[in-house]
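Pasted below: coords_23.csv, CSV, C-alpha atoms.
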chain,number,residue,atom,x,y,z
A,1,MET,CA,294.1,28.2,78.4
A,2,LEU,CA,295.7,28.2,81.8
A,3,THR,CA,299.3,27.2,81.1
A,4,THR,CA,301.3,29.7,83.2
A,5,GLU,CA,303.3,28.8,86.3
A,6,LEU,CA,300.3,30.0,88.3
A,7,GLY,CA,298.0,27.7,86.4
A,8,GLN,CA,300.3,24.7,86.9
A,9,GLN,CA,300.6,25.4,90.6
A,10,HIS,CA,296.9,25.9,90.9
A,11,ARG,CA,296.3,22.5,89.4
A,12,ARG,CA,298.8,21.0,91.8
A,13,ALA,CA,297.1,22.6,94.8
A,14,VAL,CA,293.7,21.3,93.8
A,15,LEU,CA,295.0,17.8,93.1
A,16,ASP,CA,296.9,17.8,96.4
A,17,SER,CA,293.5,18.6,98.1
A,18,VAL,CA,291.9,15.7,96.3
A,19,THR,CA,294.7,13.4,97.6
A,20,ALA,CA,293.9,14.6,101.2
A,21,VAL,CA,290.2,14.3,100.7
A,22,ASN,CA,290.5,10.8,99.3
A,23,ARG,CA,291.7,9.6,102.7
A,24,ILE,CA,288.4,10.7,104.4
A,25,LYS,CA,286.3,7.8,105.7
A,26,PRO,CA,282.6,8.1,106.8
A,27,THR,CA,283.7,7.8,110.4
A,28,ASP,CA,285.9,10.9,109.9
A,29,LEU,CA,283.1,13.3,108.9
A,30,GLY,CA,282.4,14.4,112.5
A,31,ARG,CA,286.0,15.2,113.4
A,32,PRO,CA,287.0,18.8,114.3
A,33,THR,CA,289.1,20.8,111.8
A,34,PRO,CA,291.4,23.8,112.1
A,35,CYS,CA,288.4,25.8,110.6
A,36,ALA,CA,286.7,27.1,113.8
A,37,ASP,CA,283.4,25.3,114.5
A,38,TRP,CA,283.6,23.2,111.3
A,39,THR,CA,283.7,19.4,111.2
A,40,VAL,CA,285.3,17.5,108.4
A,41,ALA,CA,281.8,17.2,106.9
A,42,ASP,CA,281.3,21.0,107.0
A,43,LEU,CA,284.7,21.6,105.5
A,44,LEU,CA,284.2,19.1,102.7
A,45,ALA,CA,280.8,20.7,101.9
A,46,HIS,CA,282.4,24.1,101.8
A,47,MET,CA,285.3,23.0,99.6
A,48,THR,CA,283.0,21.2,97.2
A,49,VAL,CA,280.7,24.2,96.7
A,50,GLN,CA,283.7,26.6,96.3
A,51,HIS,CA,284.9,24.5,93.4
A,52,HIS,CA,281.4,24.7,91.8
A,53,GLY,CA,281.2,28.5,92.5
A,54,PHE,CA,284.6,29.2,91.0
A,55,ALA,CA,283.8,27.0,88.0
A,56,ALA,CA,280.5,28.9,87.5
A,57,ALA,CA,282.5,32.2,87.7
A,58,ALA,CA,284.9,30.9,85.0
A,59,GLU,CA,281.8,29.9,82.9
A,60,GLY,CA,280.3,33.4,83.4
A,61,ASP,CA,277.7,32.6,86.1
A,62,GLY,CA,279.5,33.5,89.3
A,63,ALA,CA,277.1,36.4,90.1
A,64,ASN,CA,274.4,33.9,90.8
A,65,PRO,CA,274.3,33.5,94.6
A,66,ALA,CA,272.8,30.0,94.2
A,67,VAL,CA,276.0,28.5,92.8
A,68,TRP,CA,277.8,29.4,96.1
A,69,GLN,CA,275.2,27.9,98.5
A,70,VAL,CA,276.5,25.0,100.5
A,71,ARG,CA,274.5,21.8,100.0
A,72,PRO,CA,274.2,18.8,102.3
A,73,LEU,CA,276.7,16.0,101.6
A,74,GLY,CA,275.4,13.2,99.4
A,75,PRO,CA,276.0,9.5,99.9
A,76,ASP,CA,279.5,9.6,98.5
A,77,PRO,CA,280.9,13.0,99.4
A,78,VAL,CA,284.5,12.1,98.5
A,79,ALA,CA,283.4,11.3,94.9
A,80,GLU,CA,281.4,14.5,94.8
A,81,TYR,CA,284.5,16.4,95.8
A,82,ARG,CA,286.6,14.8,93.1
A,83,ASP,CA,283.9,15.6,90.5
A,84,ALA,CA,283.8,19.2,91.7
A,85,ALA,CA,287.6,19.5,91.5
A,86,GLU,CA,287.6,18.1,88.0
A,87,ARG,CA,284.9,20.7,87.1
A,88,VAL,CA,286.8,23.7,88.3
A,89,LEU,CA,290.1,22.5,86.7
A,90,ALA,CA,288.3,22.1,83.4
A,91,ALA,CA,286.5,25.5,83.7
A,92,PHE,CA,289.8,27.3,84.5
A,93,ALA,CA,291.5,25.6,81.5
A,94,ALA,CA,288.8,26.4,79.0
A,95,GLU,CA,290.0,28.6,76.2
A,96,GLY,CA,289.6,32.3,77.1
A,97,ALA,CA,288.2,31.7,80.5
A,98,LEU,CA,290.8,33.6,82.4
A,99,GLU,CA,290.7,36.6,80.0
A,100,ARG,CA,287.4,37.7,81.4
A,101,ASP,CA,286.4,39.0,84.8
A,102,PHE,CA,285.0,36.6,87.4
A,103,ALA,CA,282.0,37.6,89.4
A,104,LEU,CA,282.4,36.1,92.8
A,105,ALA,CA,279.0,36.6,94.4
A,106,GLU,CA,280.0,35.0,97.7
A,107,PHE,CA,282.7,37.6,98.2
A,108,GLY,CA,280.8,40.5,96.6
A,109,VAL,CA,283.5,41.3,94.1
A,110,THR,CA,284.4,40.9,90.5
A,111,VAL,CA,288.0,40.3,89.7
A,112,PRO,CA,290.2,39.5,86.7
A,113,GLY,CA,290.3,35.7,86.0
A,114,ARG,CA,294.0,35.3,86.8
A,115,ARG,CA,293.5,36.9,90.2
A,116,ALA,CA,290.6,34.5,90.9
A,117,VAL,CA,293.0,31.7,90.2
A,118,GLY,CA,295.3,33.0,93.0
A,119,PHE,CA,292.3,33.2,95.4
A,120,HIS,CA,291.3,29.7,94.6
A,121,LEU,CA,294.9,28.4,94.8
A,122,ILE,CA,295.6,29.7,98.3
A,123,ASP,CA,292.2,28.5,99.5
A,124,TYR,CA,293.0,24.9,98.5
A,125,VAL,CA,296.5,25.0,99.8
A,126,VAL,CA,295.0,25.9,103.2
A,127,HIS,CA,292.0,23.6,103.0
A,128,GLY,CA,294.1,20.7,101.8
A,129,TRP,CA,296.2,21.2,105.0
A,130,ASP,CA,293.0,21.6,107.1
A,131,VAL,CA,291.8,18.2,105.9
A,132,ALA,CA,295.1,16.5,106.4
A,133,ARG,CA,295.4,17.9,109.9
A,134,ALA,CA,291.9,16.9,110.8
A,135,LEU,CA,292.7,13.3,109.8
A,136,GLY,CA,296.1,13.4,111.7
A,137,ASP,CA,298.0,13.2,108.4
A,138,SER,CA,301.0,15.1,107.3
A,139,TYR,CA,300.7,17.6,104.4
A,140,ARG,CA,303.6,18.7,102.3
A,141,LEU,CA,303.8,21.2,99.4
A,142,ALA,CA,306.0,20.9,96.4
A,143,PRO,CA,308.7,23.6,96.6
A,144,GLU,CA,307.3,25.4,93.5
A,145,LEU,CA,303.8,25.4,94.9
A,146,ALA,CA,305.0,26.6,98.3
A,147,GLU,CA,306.8,29.5,96.7
A,148,VAL,CA,303.8,30.6,94.6
A,149,ALA,CA,301.4,30.1,97.6
A,150,LEU,CA,303.6,32.0,100.0
A,151,GLY,CA,303.7,35.0,97.7
A,152,ILE,CA,299.9,35.0,97.5
A,153,ALA,CA,299.4,34.5,101.2
A,154,LEU,CA,301.7,37.4,102.1
A,155,ALA,CA,299.8,39.6,99.6
A,156,VAL,CA,296.4,39.0,101.4
A,157,PRO,CA,295.6,42.2,103.4
A,158,ASP,CA,295.9,41.6,107.1
A,159,ASP,CA,293.4,44.3,108.2
A,160,GLU,CA,290.2,44.6,110.3
A,161,SER,CA,288.2,42.6,107.7
A,162,ARG,CA,289.9,39.4,108.9
A,163,GLY,CA,288.2,39.8,112.3
A,164,LYS,CA,284.7,39.8,110.9
A,165,PRO,CA,282.4,36.8,111.0
A,166,GLY,CA,282.7,34.6,107.9
A,167,ALA,CA,286.1,36.1,106.9
A,168,PRO,CA,288.0,33.5,104.8
A,169,PHE,CA,291.2,34.0,106.9
A,170,GLY,CA,291.9,35.0,110.5
A,171,PRO,CA,294.3,37.7,111.5
A,172,GLY,CA,297.9,36.8,110.8
A,173,LEU,CA,299.9,35.0,113.6
A,174,PRO,CA,303.5,35.6,114.5
A,175,GLY,CA,306.1,32.9,114.0
A,176,GLU,CA,308.6,31.3,111.6
A,177,GLY,CA,309.1,27.9,110.1
A,178,THR,CA,308.8,26.2,106.7
A,179,ALA,CA,307.1,27.9,103.7
A,180,LEU,CA,303.9,26.0,104.6
A,181,ASP,CA,304.1,27.2,108.2
A,182,ARG,CA,304.6,30.8,107.0
A,183,ILE,CA,301.6,30.5,104.7
A,184,LEU,CA,299.4,29.2,107.5
A,185,LEU,CA,300.6,31.8,110.0
A,186,ALA,CA,300.1,34.6,107.5
A,187,LEU,CA,296.5,33.5,107.1
A,188,GLY,CA,295.7,33.0,110.8
A,189,ARG,CA,296.2,29.3,111.1
A,190,SER,CA,298.5,27.7,113.7
A,191,PRO,CA,300.7,25.1,112.0
A,192,HIS,CA,300.6,23.2,115.4
A,193,TRP,CA,296.8,22.8,115.4
A,194,PRO,CA,295.3,21.3,117.5
A,195,ALA,CA,298.0,22.1,120.1
Please express what this file holds, its structure, as structure tokens.
Amino acid sequence: MLTTELGQQHRRAVLDSVTAVNRIKPTDLGRPTPCADWTVADLLAHMTVQHHGFAAAAEGDGANPAVWQVRPLGPDPVAEYRDAAERVLAAFAAEGALERDFALAEFGVTVPGRRAVGFHLIDYVVHGWDVARALGDSYRLAPELAEVALGIALAVPDDESRGKPGAPFGPGLPGEGTALDRILLALGRSPHWPA
């Protein structure tokens, strides 16, 4: 069972992303996002499938490339997102789930379950912010989540792999600011997007 500080902050990051997504209206789906070339619809489809992919990995099926394939949004994409978030939280909380290795076919790696939690946590901190910014909303992190997320963000290697097409994060950017600003900068996002 995922009861550690990391687990608690992971849950918070996912639920914060649900709060951001709950504000999406059908008319918002075509808006641009901080994710280059992605609309809100594209981002939401990506976020939804990532929940399903990580849940499948926790359930022992992450090596199946089909669980990572983005699908078109259905008639109620916000509800679909909430369901996917509930699935991944339940999968990560299942007894013994994080004691095994997670095959992450989309990334071509197998990692310990607890490391996969960190991957997923940082992705949803950033994507929650992406959604909020795309909608023109503010996005704040609880201090405990910000501390955990900053440590993870600073540990992500900032090497040539970040410049490759499809890289999850861009090269780090210089700058200072709040913990959230530093997380975003470390992962190649400008906290001032779209400026």
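The space between CA of Ser17 (chain A) and CA of Glu176 (chain A) spans 23.9 Å.
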Task: Minimum-distance residue to Arg11 (chain A), chosen among A:Ala79, A:Ala90, A:Ala45, A:Leu187 (using only C-alpha atoms) - done: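 When distances to Arg11 (chain A) are compared using only C-alpha atoms, the smallest one comes from A:Ala90.
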Please, which residues in region 168-189 of chain A fall within 12 Å of region 142-148 of chain A when counting all atoms listed in the file, and what is the closest atom pair and distance in Å to one decimal for each, ordered by chain then residue number, as a tab-separated table?
residue	atom	partner	partner_atom	distance
A:Thr178	CA	A:Ala146	CA	9.2
A:Ala179	CA	A:Ala146	CA	5.9
A:Leu180	CA	A:Ala146	CA	6.4
A:Asp181	CA	A:Ala146	CA	10.0
A:Arg182	CA	A:Ala146	CA	9.7
A:Ile183	CA	A:Ala146	CA	8.2
A:Leu184	CA	A:Ala146	CA	11.1
Open item on the list: Could you tell me how far CA of Glu99 (chain A) sits from CA of Arg114 (chain A), in Å to one decimal place?
Closed with: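 Separating CA of Arg114 (chain A) from CA of Glu99 (chain A) is a distance of 7.7 Å.
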- [ ] Give me the residues within 12 Å of region 81-86 of chain A as a ChimeraX atom specification, counting all atoms listed in the file and dropping any in the same chain fewer than 4 places off.
- [x] /A:10-22,24,41,43-56,73-77,90-93,120-121,124
- [ ] Figure out the distance between CA of Ala57 (chain A) and CA of Arg100 (chain A), please, to one decimal in Å.
- [x]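 Between CA of Arg100 (chain A) and CA of Ala57 (chain A) the gap is 9.7 Å.
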Open item on the list: Show me, as a PyMOL selection string, the residues that have an atom within 12 Å of Ala186 (chain A) when counting all atoms listed in the file, minus same-chain residues fewer than 3 positions from it.
Closed with: chain A and resi 122+126+149-159+162+169-177+179-183+189-191
